[in-house]
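Here's entry33.txt, which has compact mmCIF, C-alpha atoms:
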```txt
# COMPACT_ATOMS: atom_id res chain seq x y z
CA MET K 21 83.93 104.61 116.63
CA ARG K 22 83.01 106.11 119.99
CA LEU K 23 84.63 109.46 119.11
CA ALA K 24 82.91 109.50 115.72
CA ASP K 25 79.50 108.58 117.13
CA PHE K 26 79.86 111.40 119.63
CA ALA K 27 81.02 113.88 117.00
CA VAL K 28 77.97 113.45 114.78
CA GLY K 29 75.30 112.59 117.32
CA ALA K 30 75.98 114.34 120.64
CA ALA K 31 73.43 116.82 121.98
CA PRO K 32 75.37 119.43 123.98
CA PRO K 33 73.48 121.00 126.89
CA ALA K 34 72.53 124.66 126.79
CA ALA K 35 75.29 125.62 129.25
CA ALA K 36 77.94 124.03 127.03
CA ARG K 37 76.60 125.87 124.01
CA ALA K 38 76.69 129.12 125.99
CA GLY K 39 80.36 128.53 126.77
CA ALA K 40 81.02 127.93 123.10
CA ALA K 41 79.22 131.18 122.21
CA ARG K 42 81.51 133.18 124.52
CA ALA K 43 84.51 131.46 122.97
CA VAL K 44 83.33 132.41 119.48
CA VAL K 45 82.99 136.08 120.49
CA ASP K 46 86.49 136.14 121.95
CA THR K 47 88.03 134.25 119.03
CA VAL K 48 86.41 136.37 116.31
CA GLY K 49 87.79 139.44 118.08
CA VAL K 50 91.37 138.20 118.22
CA THR K 51 91.07 136.99 114.62
CA LEU K 52 90.17 140.51 113.51
CA ALA K 53 93.20 141.85 115.39
CA GLY K 54 95.50 139.15 114.04
CA ALA K 55 94.35 139.57 110.45
CA VAL K 56 96.71 142.54 109.99
CA GLN K 57 99.76 140.78 111.46
CA PRO K 58 102.64 139.71 109.18
CA ALA K 59 102.04 135.96 109.48
CA ALA K 60 98.36 136.37 108.63
CA ARG K 61 99.13 138.72 105.73
CA ILE K 62 101.53 136.19 104.22
CA VAL K 63 98.87 133.47 104.34
CA GLN K 64 96.31 135.84 102.83
CA ARG K 65 98.60 136.65 99.90
CA VAL K 66 99.21 132.99 99.21
CA ILE K 67 95.57 131.92 99.30
CA GLU K 68 94.40 134.96 97.32
CA ALA K 69 96.72 133.90 94.50
CA GLU K 70 94.97 130.53 94.40
CA GLY K 71 91.60 131.98 93.44
CA ALA K 72 88.26 133.01 94.90
CA GLY K 73 85.58 131.06 96.74
CA ALA K 74 82.59 131.56 99.02
CA CYS K 75 84.14 131.46 102.51
CA SER K 76 85.19 134.55 104.47
CA VAL K 77 88.65 135.61 105.58
CA LEU K 78 87.73 137.77 108.56
CA GLY K 79 88.84 141.38 108.59
CA THR K 80 89.54 141.35 104.84
CA ALA K 81 87.58 141.43 101.57
CA ILE K 82 88.91 138.00 100.59
CA ALA K 83 86.52 135.13 99.86
CA THR K 84 88.13 131.76 99.27
CA SER K 85 87.71 127.99 99.59
CA PRO K 86 86.72 126.41 102.94
CA GLY K 87 90.20 125.01 103.55
CA ASN K 88 91.97 128.24 102.69
CA ALA K 89 89.55 130.29 104.82
CA ALA K 90 90.21 127.96 107.76
CA LEU K 91 93.97 128.30 107.20
CA ALA K 92 93.84 132.10 107.07
CA ASN K 93 91.45 132.61 109.98
CA GLY K 94 93.17 130.05 112.20
CA THR K 95 96.54 131.72 111.63
CA ALA K 96 95.08 135.17 112.32
CA ALA K 97 93.32 133.96 115.48
CA HIS K 98 96.64 132.80 116.97
CA ALA K 99 98.87 135.53 115.51
CA LEU K 100 98.92 137.64 118.68
CA ASP K 101 98.79 134.75 121.16
CA TYR K 102 95.70 136.46 122.55
CA ASP K 103 93.34 133.55 121.89
CA ASP K 104 91.97 131.31 124.63
CA MET K 105 93.53 128.29 126.35
CA CYS K 106 92.50 124.94 127.79
CA PHE K 107 94.62 123.46 130.57
CA VAL K 108 93.45 119.91 129.90
CA SER K 109 94.36 119.76 126.23
CA LEU K 110 97.27 122.21 126.82
CA ALA K 111 96.08 123.79 123.58
CA HIS K 112 94.55 126.95 122.26
CA PRO K 113 91.28 125.24 121.39
CA SER K 114 89.24 127.97 119.80
CA ALA K 115 91.58 129.22 117.07
CA PRO K 116 91.36 125.97 115.04
CA LEU K 117 87.82 125.10 116.15
CA VAL K 118 86.28 128.46 115.26
CA ALA K 119 88.25 128.81 112.03
CA ALA K 120 87.34 125.32 110.84
CA GLY K 121 83.78 125.65 112.11
CA LEU K 122 83.09 128.97 110.39
CA ALA K 123 84.48 127.70 107.09
CA ALA K 124 82.50 124.45 107.21
CA ALA K 125 79.35 126.25 108.32
CA GLU K 126 79.62 128.85 105.56
CA ALA K 127 80.25 126.16 102.94
CA SER K 128 77.24 124.14 104.14
CA GLY K 129 74.86 127.01 104.94
CA GLN K 130 74.63 125.92 108.58
CA SER K 131 73.07 127.80 111.47
CA GLY K 132 74.82 129.47 114.36
CA ALA K 133 73.41 126.86 116.74
CA ALA K 134 74.92 124.09 114.60
CA LEU K 135 78.27 125.88 114.68
CA LEU K 136 78.18 126.03 118.48
CA ASP K 137 77.29 122.34 118.79
CA ALA K 138 80.15 121.48 116.45
CA TYR K 139 82.52 123.59 118.55
CA VAL K 140 81.49 121.71 121.68
CA VAL K 141 82.03 118.23 120.22
CA GLY K 142 85.43 119.27 118.90
CA PHE K 143 86.37 120.73 122.27
CA GLU K 144 85.29 117.59 124.13
CA ILE K 145 87.27 115.27 121.84
CA GLU K 146 90.35 117.48 122.18
CA SER K 147 90.00 117.43 125.96
CA ARG K 148 89.79 113.65 126.12
CA LEU K 149 92.89 113.39 123.94
CA GLY K 150 94.62 115.90 126.21
CA ARG K 151 93.80 113.89 129.33
CA VAL K 152 95.38 110.81 127.78
CA MET K 153 98.35 112.33 125.96
CA ASN K 154 99.58 115.08 128.30
CA PRO K 155 101.82 116.14 129.87
CA ARG K 156 104.30 113.78 128.17
CA HIS K 157 103.14 114.64 124.65
CA TYR K 158 103.53 118.37 125.29
CA GLN K 159 106.81 118.02 127.14
CA ARG K 160 108.37 116.09 124.27
CA GLY K 161 107.98 119.12 122.02
CA TRP K 162 104.60 118.68 120.35
CA HIS K 163 102.38 121.78 120.10
CA CYS K 164 98.95 120.54 121.16
CA THR K 165 97.12 123.35 119.34
CA ALA K 166 98.43 121.79 116.14
CA THR K 167 98.33 118.08 117.01
CA ILE K 168 95.26 117.60 119.17
CA GLY K 169 93.68 120.66 117.56
CA THR K 170 93.67 118.98 114.15
CA LEU K 171 91.44 116.19 115.43
CA GLY K 172 89.13 118.62 117.20
CA ALA K 173 88.79 120.66 114.01
CA ALA K 174 88.09 117.50 112.01
CA ALA K 175 85.31 116.51 114.41
CA ALA K 176 83.71 119.95 114.20
CA ALA K 177 83.95 120.05 110.41
CA ALA K 178 82.60 116.51 110.06
CA ARG K 179 79.51 117.43 112.05
CA LEU K 180 78.86 120.64 110.12
CA MET K 181 79.39 118.95 106.76
CA GLY K 182 76.86 116.26 107.56
CA LEU K 183 79.11 113.21 107.70
CA ASP K 184 77.69 109.99 109.11
CA ALA K 185 79.47 108.15 111.94
CA GLY K 186 81.46 105.93 109.60
CA GLN K 187 82.68 108.88 107.55
CA ALA K 188 83.47 110.85 110.71
CA ALA K 189 85.60 107.95 111.96
CA HIS K 190 87.61 108.10 108.76
CA ALA K 191 87.90 111.90 109.06
CA LEU K 192 89.39 111.55 112.54
CA ALA K 193 91.78 108.87 111.32
CA ILE K 194 92.86 111.05 108.40
CA ALA K 195 93.35 113.94 110.83
CA ALA K 196 95.56 111.71 112.99
CA SER K 197 97.99 111.43 110.07
CA GLU K 198 97.81 115.17 109.37
CA ALA K 199 98.53 116.19 112.97
CA SER K 200 101.87 117.91 113.55
CA GLY K 201 103.44 121.03 115.07
CA LEU K 202 106.70 121.63 116.94
CA LYS K 203 107.22 123.82 119.99
CA GLU K 204 110.67 124.70 118.66
CA ASN K 205 108.84 127.17 116.40
CA PHE K 206 107.40 129.12 119.35
CA GLY K 207 108.20 132.81 119.06
CA THR K 208 108.11 132.70 115.24
CA MET K 209 105.42 133.13 112.58
CA VAL K 210 105.07 129.36 112.38
CA LYS K 211 103.43 129.12 115.80
CA PRO K 212 100.24 130.90 114.65
CA LEU K 213 100.48 128.98 111.38
CA HIS K 214 100.07 125.82 113.47
CA ALA K 215 96.53 126.88 114.39
CA GLY K 216 95.76 127.65 110.76
CA LEU K 217 97.10 124.31 109.60
CA ALA K 218 95.08 122.48 112.26
CA ALA K 219 91.91 124.22 111.06
CA ARG K 220 92.69 123.67 107.37
CA ASN K 221 93.64 120.02 107.90
CA GLY K 222 90.49 119.39 109.94
CA VAL K 223 88.33 120.71 107.10
CA LEU K 224 90.33 118.72 104.55
CA ALA K 225 90.00 115.51 106.57
CA ALA K 226 86.22 115.91 106.65
CA GLN K 227 86.08 116.73 102.93
CA LEU K 228 88.16 113.68 102.02
CA ALA K 229 86.16 111.36 104.24
CA LYS K 230 82.88 112.65 102.81
CA ALA K 231 84.25 112.02 99.30
CA GLY K 232 84.96 108.39 100.20
CA MET K 233 88.53 108.25 101.49
CA VAL K 234 89.02 105.52 104.09
CA ALA K 235 91.64 105.20 106.83
CA SER K 236 92.68 102.77 109.55
CA ALA K 237 90.23 102.19 112.38
CA ALA K 238 93.28 102.07 114.68
CA ALA K 239 94.90 105.31 113.50
CA ILE K 240 94.55 106.89 116.95
CA ASP K 241 95.19 104.08 119.43
CA GLY K 242 96.77 101.33 117.34
CA ALA K 243 100.26 99.88 117.78
CA GLN K 244 101.64 102.56 115.46
CA GLY K 245 98.88 105.10 115.90
CA LEU K 246 98.74 108.67 117.09
CA LEU K 247 98.98 107.97 120.83
CA ARG K 248 102.06 105.77 120.59
CA ALA K 249 103.84 107.73 117.87
CA MET K 250 103.32 111.07 119.60
CA ASP K 251 104.47 110.09 123.08
CA SER K 252 101.12 109.80 124.80
CA GLU K 253 101.20 109.65 128.59
CA ARG K 254 98.72 106.74 128.50
CA PRO K 255 98.22 104.13 125.76
CA SER K 256 94.43 104.05 125.49
CA LEU K 257 91.50 106.44 125.12
CA ASP K 258 89.00 103.97 126.57
CA GLU K 259 88.75 105.41 130.06
CA ALA K 260 88.92 109.08 129.05
CA ALA K 261 86.32 108.68 126.32
CA GLY K 262 84.00 106.58 128.46
CA ASP K 263 82.00 109.55 129.75
CA LEU K 264 81.61 111.41 126.46
CA GLY K 265 78.12 112.85 126.34
CA GLU K 266 77.66 112.39 130.09
CA ARG K 267 80.30 114.74 131.50
CA TRP K 268 81.16 117.95 129.66
CA GLU K 269 84.76 119.14 129.94
CA ILE K 270 83.79 122.60 128.68
CA LEU K 271 81.69 122.97 131.86
CA ASP K 272 84.02 121.23 134.33
CA THR K 273 87.41 122.69 133.42
CA GLY K 274 86.30 125.22 130.88
CA ILE K 275 88.02 127.73 128.66
CA THR K 276 90.57 130.29 129.78
CA VAL K 277 90.12 133.70 128.14
CA LYS K 278 93.36 135.62 127.87
CA LEU K 279 93.41 139.13 129.27
CA TYR K 280 97.09 139.54 128.31
CA PRO K 281 98.32 138.97 124.70
CA SER K 282 101.22 136.75 125.73
CA CYS K 283 101.87 133.10 126.44
CA ALA K 284 99.58 131.72 129.13
CA GLY K 285 102.65 130.72 131.13
CA THR K 286 103.20 134.40 131.91
CA HIS K 287 99.68 135.15 133.15
CA PRO K 288 99.79 134.05 136.82
CA THR K 289 103.06 135.95 137.23
CA LEU K 290 101.66 139.05 135.52
CA ASP K 291 98.61 139.03 137.77
CA ALA K 292 100.80 138.76 140.86
CA LEU K 293 103.23 141.49 139.75
CA LEU K 294 100.51 143.92 138.70
CA ASP K 295 98.63 143.37 141.96
CA LEU K 296 101.84 144.06 143.92
CA LYS K 297 102.58 147.17 141.87
CA ARG K 298 99.06 148.56 142.39
CA ARG K 299 99.21 147.86 146.10
CA GLU K 300 102.76 149.03 146.84
CA GLY K 301 103.26 151.69 144.15
CA PHE K 302 106.86 150.83 143.22
CA ALA K 303 108.43 151.75 139.88
CA GLY K 304 111.00 150.05 137.67
CA ASP K 305 113.85 152.12 139.11
CA ASP K 306 112.95 150.88 142.60
CA VAL K 307 113.53 147.21 141.69
CA ASP K 308 116.76 145.46 142.61
CA ALA K 309 115.69 141.94 141.57
CA ILE K 310 112.61 139.89 140.71
CA GLU K 311 112.54 136.16 141.35
CA ILE K 312 109.76 134.09 139.79
CA GLY K 313 108.99 130.47 140.69
CA VAL K 314 107.09 128.38 138.14
CA ASP K 315 106.18 124.77 137.34
CA PRO K 316 108.51 122.58 135.21
CA ILE K 317 106.62 123.10 131.94
CA VAL K 318 106.82 126.90 131.91
CA PRO K 319 110.56 127.09 131.08
CA THR K 320 110.01 124.79 128.09
CA ILE K 321 107.67 127.41 126.62
CA LEU K 322 109.11 130.73 127.78
CA ILE K 323 112.37 130.17 125.97
CA TYR K 324 113.55 133.75 125.31
CA ASP K 325 115.52 135.55 128.01
CA ARG K 326 116.36 138.47 125.74
CA PRO K 327 113.76 138.65 122.99
CA ALA K 328 114.67 140.20 119.66
CA SER K 329 111.12 140.58 118.36
CA GLY K 330 107.59 141.09 119.64
CA LEU K 331 106.76 137.45 118.92
CA GLU K 332 109.72 136.34 121.02
CA GLY K 333 108.67 138.81 123.71
CA LYS K 334 105.39 136.93 124.17
CA PHE K 335 107.49 133.92 125.20
CA SER K 336 109.87 135.80 127.49
CA MET K 337 109.17 135.93 131.21
CA PRO K 338 111.85 138.60 131.83
CA PHE K 339 110.40 140.89 129.16
CA CYS K 340 106.76 140.44 130.16
CA ALA K 341 107.53 140.88 133.86
CA ALA K 342 109.65 143.98 133.21
CA ALA K 343 106.98 145.54 130.98
CA ALA K 344 104.36 144.97 133.68
CA VAL K 345 106.54 146.65 136.30
CA VAL K 346 107.54 149.60 134.11
CA HIS K 347 104.17 150.37 132.52
CA GLY K 348 101.69 148.84 134.96
CA SER K 349 99.93 146.94 132.18
CA VAL K 350 100.50 144.39 129.42
CA GLY K 351 98.50 144.93 126.23
CA LEU K 352 98.74 144.68 122.47
CA GLU K 353 101.13 147.63 122.34
CA THR K 354 103.53 146.01 124.82
CA PHE K 355 105.04 143.90 122.05
CA ASP K 356 105.65 146.64 119.48
CA ALA K 357 109.11 147.84 118.46
CA ASP K 358 109.09 150.88 120.75
CA HIS K 359 108.40 148.82 123.85
CA LEU K 360 110.91 146.17 122.82
CA ALA K 361 113.59 148.87 122.62
CA ASP K 362 112.51 150.72 125.79
CA PRO K 363 115.67 151.08 127.97
CA ARG K 364 113.56 151.11 131.13
CA ILE K 365 112.15 147.68 130.30
CA ALA K 366 115.61 146.42 129.34
CA ALA K 367 117.02 147.56 132.68
CA VAL K 368 114.41 145.71 134.73
CA GLN K 369 114.49 142.70 132.39
CA SER K 370 118.13 142.11 133.26
CA ARG K 371 117.14 141.77 136.92
CA VAL K 372 114.44 139.10 136.42
CA ALA K 373 115.20 135.46 137.18
CA MET K 374 112.84 132.54 136.57
CA ARG K 375 113.31 129.10 138.09
CA VAL K 376 111.34 125.94 138.70
CA ASP K 377 109.84 126.01 142.19
CA PRO K 378 109.49 122.45 143.56
CA SER K 379 107.20 123.64 146.35
CA LEU K 380 104.38 124.45 143.91
CA ASP K 381 101.44 122.03 143.89
CA ALA K 382 102.43 119.25 141.48
CA SER K 383 98.79 118.18 141.10
CA ALA K 384 97.72 121.57 139.71
CA PRO K 385 97.37 122.02 135.93
CA PRO K 386 100.54 123.29 134.25
CA LEU K 387 100.92 127.04 133.65
CA THR K 388 98.53 127.99 136.45
CA GLN K 389 100.80 128.72 139.43
CA ALA K 390 103.57 131.16 140.23
CA ARG K 391 105.44 132.64 143.18
CA VAL K 392 106.89 136.12 142.85
CA ALA K 393 109.39 137.95 145.06
CA VAL K 394 110.31 141.57 144.27
CA ARG K 395 113.37 142.86 146.11
CA LEU K 396 113.40 146.66 146.22
CA ARG K 397 116.45 148.88 146.56
CA ASP K 398 115.21 150.09 149.96
CA GLY K 399 115.59 146.55 151.32
CA ARG K 400 111.94 145.50 151.27
CA VAL K 401 110.94 142.18 149.72
CA LEU K 402 107.40 142.01 148.33
CA SER K 403 105.98 138.54 147.78
CA ALA K 404 102.87 137.16 146.12
CA SER K 405 101.53 133.82 144.92
CA ALA K 406 99.14 133.16 142.07
CA ASN K 407 96.90 130.17 141.49
CA GLY K 408 95.44 130.84 138.08
CA ALA K 409 94.84 134.30 136.69
CA ARG K 410 92.03 136.63 135.73
CA GLY K 411 90.10 135.15 132.82
CA TYR K 412 90.61 131.56 133.97
CA HIS K 413 87.61 129.25 134.30
CA ASP K 414 87.13 129.92 138.02
CA ARG K 415 87.69 133.69 137.56
CA PRO K 416 85.96 134.26 134.22
CA ALA K 417 86.13 137.44 132.22
CA SER K 418 82.96 139.50 132.54
CA ASP K 419 80.75 140.32 129.57
CA ALA K 420 82.07 143.88 129.77
CA GLU K 421 85.69 142.68 129.69
CA LEU K 422 84.94 140.44 126.70
CA ALA K 423 83.25 143.31 124.88
CA ALA K 424 86.12 145.71 125.60
CA LYS K 425 88.66 143.14 124.41
CA PHE K 426 86.62 142.48 121.25
CA MET K 427 86.38 146.15 120.36
CA SER K 428 90.07 146.83 121.02
CA CYS K 429 90.90 143.91 118.70
CA ALA K 430 88.29 144.52 115.99
CA ARG K 431 89.44 148.10 115.41
CA ALA K 432 92.63 146.72 113.86
CA SER K 433 90.64 145.54 110.83
CA LEU K 434 87.25 147.27 110.90
CA ALA K 435 86.00 150.82 111.26
CA GLU K 436 84.53 151.68 114.65
CA ALA K 437 80.89 151.46 113.55
CA GLN K 438 81.40 148.14 111.79
CA ALA K 439 83.29 146.78 114.79
CA GLY K 440 80.29 147.55 116.98
CA GLU K 441 77.93 145.90 114.49
CA ALA K 442 80.24 142.89 114.34
CA LEU K 443 80.18 142.50 118.13
CA ALA K 444 76.39 142.64 118.19
CA ALA K 445 76.12 140.06 115.39
CA VAL K 446 78.58 137.60 116.93
CA ARG K 447 76.92 137.88 120.34
CA GLU K 448 73.67 136.70 118.70
CA ILE K 449 75.24 133.93 116.61
CA GLU K 450 73.20 131.17 118.25
CA ARG K 451 70.05 132.73 116.80
CA ALA K 452 71.45 133.06 113.28
CA ALA K 453 69.63 130.78 110.83
CA ASP K 454 72.65 130.97 108.51
CA VAL K 455 76.18 131.71 109.72
CA ARG K 456 76.80 133.70 106.55
CA THR K 457 74.60 136.52 107.88
CA VAL K 458 77.14 136.90 110.70
CA THR K 459 80.34 136.50 108.68
CA ALA K 460 79.12 139.17 106.27
CA ARG K 461 79.55 141.61 109.17
CA LEU K 462 83.12 140.48 109.72
CA ARG K 463 84.51 141.23 106.28
CA ARG K 464 85.74 144.55 104.98
CA PRO K 465 83.80 146.08 102.07
```

Go ahead and render the structure in this file as structure tokens.
Amino acid sequence: MRLADFAVGAAPPAAARAGAARAVVDTVGVTLAGAVQPAARIVQRVIEAEGAGACSVLGTAIATSPGNAALANGTAAHALDYDDMCFVSLAHPSAPLVAAGLAAAEASGQSGAALLDAYVVGFEIESRLGRVMNPRHYQRGWHCTATIGTLGAAAAAARLMGLDAGQAAHALAIAASEASGLKENFGTMVKPLHAGLAARNGVLAAQLAKAGMVASAAAIDGAQGLLRAMDSERPSLDEAAGDLGERWEILDTGITVKLYPSCAGTHPTLDALLDLKRREGFAGDDVDAIEIGVDPIVPTILIYDRPASGLEGKFSMPFCAAAAVVHGSVGLETFDADHLADPRIAAVQSRVAMRVDPSLDASAPPLTQARVAVRLRDGRVLSASANGARGYHDRPASDAELAAKFMSCARASLAEAQAGEALAAVREIERAADVRTVTARLRRP
């Protein structure tokens, strides 16, 4: 019951709510960009055929049920792999949390402040689960955005839908049975679908619990519960959950905003390569070989040496590294068909090697470190190390960077003037008496 009591009764501090507000801005932006992607379009067609409702599918004119809105917006938020990360949960926390939260808040007529509080409690519960379950859970092939994210979304939805502590406990237990998502689907349309399913299932768990469905009190940490069945690193939540409401993970370890639309495992390397390129001025033709040292988890995620699609390219270290060297940047356009077929990128890509580097700090969070060595044809070897990347919690994106990212993303779905209005509205979401006044700005006429 401790998780449930926290979900419905916690009072997040102002700083935690401010962190949630920044996450909502970033996530709404990437949702608007992702709404036009093939995976998101497929979901939109399916839910539109099921009938109308009152909840918004961002970047479209579709209004649908809370669960279907959460499914569509969660999928769109993760479609470009441009949404934020948490290195404790090893998940993309905001795609499911914001999608589920917006749907539940719209359905209940909740305020922006309530939405932010719900985001925080979902984030904190996810983080505690991440501390207990990872890295074993992630290494065994589970996608934490989908598994842990389902419980976070359920906690957020339960709070916004007004469940009491007993009902919230059942919602979390229902969510534990819904949780699923396999890393084998990375690089396909199913990966962003994971975030949508987590959001949808979180809303559904709260709806079912509110309607009276009951579940096992031991669904999370029982003998055959979530922790044991899903290869948790540790068998109990007791210690990790003991400081809920006293210590706030969103403040201590925080949220990582992506400044590159690719898997987070590429980001330290991309920072290091781009810094070297800016400093030394070399081009793709100058490169004889690039060697990249990473932690043991990175190769389990970056599984495509020679990607055949833009989605696969986001999970390819050779492709991302080569694109950075050839073009001096990695952006949304990097993963389009023209870049994928660029012979200059292909030439450098064939000279990139990634390996596990045992000398990296084993105590550091996964996906945060890299060592890069670029051997040039003139005999020089350029080296750099990265500990984290721009946008990480200790090197946060500026307000200007967040705004620029939002606008570049929002233009995919909205006209320029509406995109600007959308940014202004989302930035002020904490002051909104009803979230629907904000989501109205995020839909196409």

- Select, from K:His413, K:His214, K:Arg464, K:His359, the residue with the minimum atom-to-atom distance to K:Ala432, counting all atoms listed in the file.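 Looking only at the distances to K:Ala432, the closest residue turns out to be K:Arg464.
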
- Query: Hey, which of K:Thr289, K:Ile270, K:Ala260, K:Gly333 ends up closest to K:Pro33? Count all atoms listed in the file.
  - Reply: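 The shortest atom-to-atom distance to K:Pro33 comes from K:Ile270.
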
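Considering only C-alpha atoms, the residue among K:Ala424, K:Ala175, K:Val345, K:Leu135 positioned nearest to K:Ile310 is K:Val345.
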
- Note on the structure: note - atom CA of K:Pro212 and atom CA of K:Ser282 are separated by 12.6 Å

- Query: Got a sec: who's within 12 Å of K:Asp137, counting all atoms listed in the file, leaving out chain neighbours fewer than 3 positions off, as a VMD selection string?
  - Reply: chain K and resid 26 to 41 44 117 to 118 121 125 130 to 134 140 to 144 175 to 180 270 449 to 450

- Residue nearest K:Gly71 - candidates K:Ala366, K:Ala83, K:Ala341, K:Val277, atoms counted: only C-alpha atoms: K:Ala83

- Coordinates-based distance that separates atom CA of K:Arg160 from atom CA of K:Ala215 (Å, one decimal):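 A separation of 18.8 Å between them.
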
- Message: My list of candidates is K:Ala261, K:Thr208, K:Gly285, K:Ser383. Which is closest to K:Pro58 when distances are computed with only C-alpha atoms?
- Response: K:Thr208

- So how far away is atom CA of K:Asp25 from atom CA of K:Gly186, in Å?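 Taking atom CA of K:Gly186 and atom CA of K:Asp25, their separation equals 8.2 Å.
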
Please identify all polymer residues within 12 Å of K:Asp419, counting all atoms listed in the file, omitting same-chain residues fewer than 5 positions from it, and present them as a compact mmCIF listing (two decimals) with C-alpha atoms, keeping the file's coordinate frame.
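Result file follows (result.txt):
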```
# COMPACT_ATOMS: atom_id res chain seq x y z
CA ALA K 41 79.22 131.18 122.21
CA ARG K 42 81.51 133.18 124.52
CA ALA K 43 84.51 131.46 122.97
CA VAL K 45 82.99 136.08 120.49
CA ASP K 46 86.49 136.14 121.95
CA VAL K 277 90.12 133.70 128.14
CA GLY K 411 90.10 135.15 132.82
CA ALA K 424 86.12 145.71 125.60
CA LYS K 425 88.66 143.14 124.41
CA PHE K 426 86.62 142.48 121.25
CA LEU K 443 80.18 142.50 118.13
CA ARG K 447 76.92 137.88 120.34
```

- Min atom-atom distance to K:Ala328 from the set K:Gly207, K:Leu213, K:Gly87, K:Lys230, counting all atoms listed in the file, belongs to K:Gly207

- Message: Give me the residues near K:Gly129 as a PyMOL selection string, where near means some atom within 10 Å (using all atoms listed in the file) and where sequence neighbours in that chain fewer than 2 positions away do not count.
- Response: chain K and resi 123-127+131-132+180-181+453-457

K:Gly399 surroundings by all atoms listed in the file, 10 Å radius, close-in-sequence under 4 positions cut, as a PDB file with C-alpha atoms, keeping the file's coordinate frame:
```
ATOM      1  CA  VAL K 307     113.530 147.210 141.690  1.00  0.00           C
ATOM      2  CA  ASP K 308     116.760 145.460 142.610  1.00  0.00           C
ATOM      3  CA  ARG K 395     113.370 142.860 146.110  1.00  0.00           C
TER       4      ARG K 395
END
```

Listed atoms of stretch 431-437 of chain K boxed axis-aligned with 6 Å per side, centre + edges as lines of an AutoDock Vina configuration file:
```
center_x = 86.8
center_y = 148.6
center_z = 113.1
size_x = 23.7
size_y = 18.1
size_z = 16.6
```

Could I get the residues of stretch 101-214 of chain K with an atom no further than 12 Å from an atom of stretch 93-97 of chain K, each paired with its nearest atom pair and that distance in Å to one decimal, using all atoms listed in the file, sorted by chain and residue number, as a tab-separated table?
```
residue	atom	partner	partner_atom	distance
K:Asp101	CA	K:Ala97	CA	7.9
K:Tyr102	CA	K:Ala97	CA	7.9
K:Asp103	CA	K:Ala97	CA	6.4
K:Asp104	CA	K:Ala97	CA	9.6
K:His112	CA	K:Ala97	CA	9.8
K:Pro113	CA	K:Gly94	CA	10.5
K:Ser114	CA	K:Ala97	CA	8.4
K:Ala115	CA	K:Gly94	CA	5.2
K:Pro116	CA	K:Gly94	CA	5.3
K:Leu117	CA	K:Gly94	CA	8.3
K:Val118	CA	K:Gly94	CA	7.7
K:Ala119	CA	K:Gly94	CA	5.1
K:Ala120	CA	K:Gly94	CA	7.6
K:Gly121	CA	K:Gly94	CA	10.4
K:Leu122	CA	K:Asn93	CA	9.1
K:Ala123	CA	K:Asn93	CA	9.0
K:Thr165	CA	K:Gly94	CA	10.6
K:Ala166	CA	K:Gly94	CA	10.6
K:Gly169	CA	K:Gly94	CA	10.8
K:Thr170	CA	K:Gly94	CA	11.3
K:Ala173	CA	K:Gly94	CA	10.5
K:Met209	CA	K:Thr95	CA	9.0
K:Val210	CA	K:Thr95	CA	8.9
K:Lys211	CA	K:Thr95	CA	8.5
K:Pro212	CA	K:Thr95	CA	4.8
K:Leu213	CA	K:Thr95	CA	4.8
K:His214	CA	K:Thr95	CA	7.1
```

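The list of residues with at least one atom within 9 Å of K:Val318, based on all atoms listed in the file and without residues fewer than 5 positions apart in the same chain, reads Gly285, Thr286, Ile323, Val376, Pro386 and Leu387 of chain K.
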
Taking C-alpha atoms for each residue, export the selection above as a PDB file, in the coordinates of the input.
```pdb
ATOM      1  CA  GLY K 285     102.650 130.720 131.130  1.00  0.00           C
ATOM      2  CA  THR K 286     103.200 134.400 131.910  1.00  0.00           C
ATOM      3  CA  ILE K 323     112.370 130.170 125.970  1.00  0.00           C
ATOM      4  CA  VAL K 376     111.340 125.940 138.700  1.00  0.00           C
ATOM      5  CA  PRO K 386     100.540 123.290 134.250  1.00  0.00           C
ATOM      6  CA  LEU K 387     100.920 127.040 133.650  1.00  0.00           C
TER       7      LEU K 387
END
```
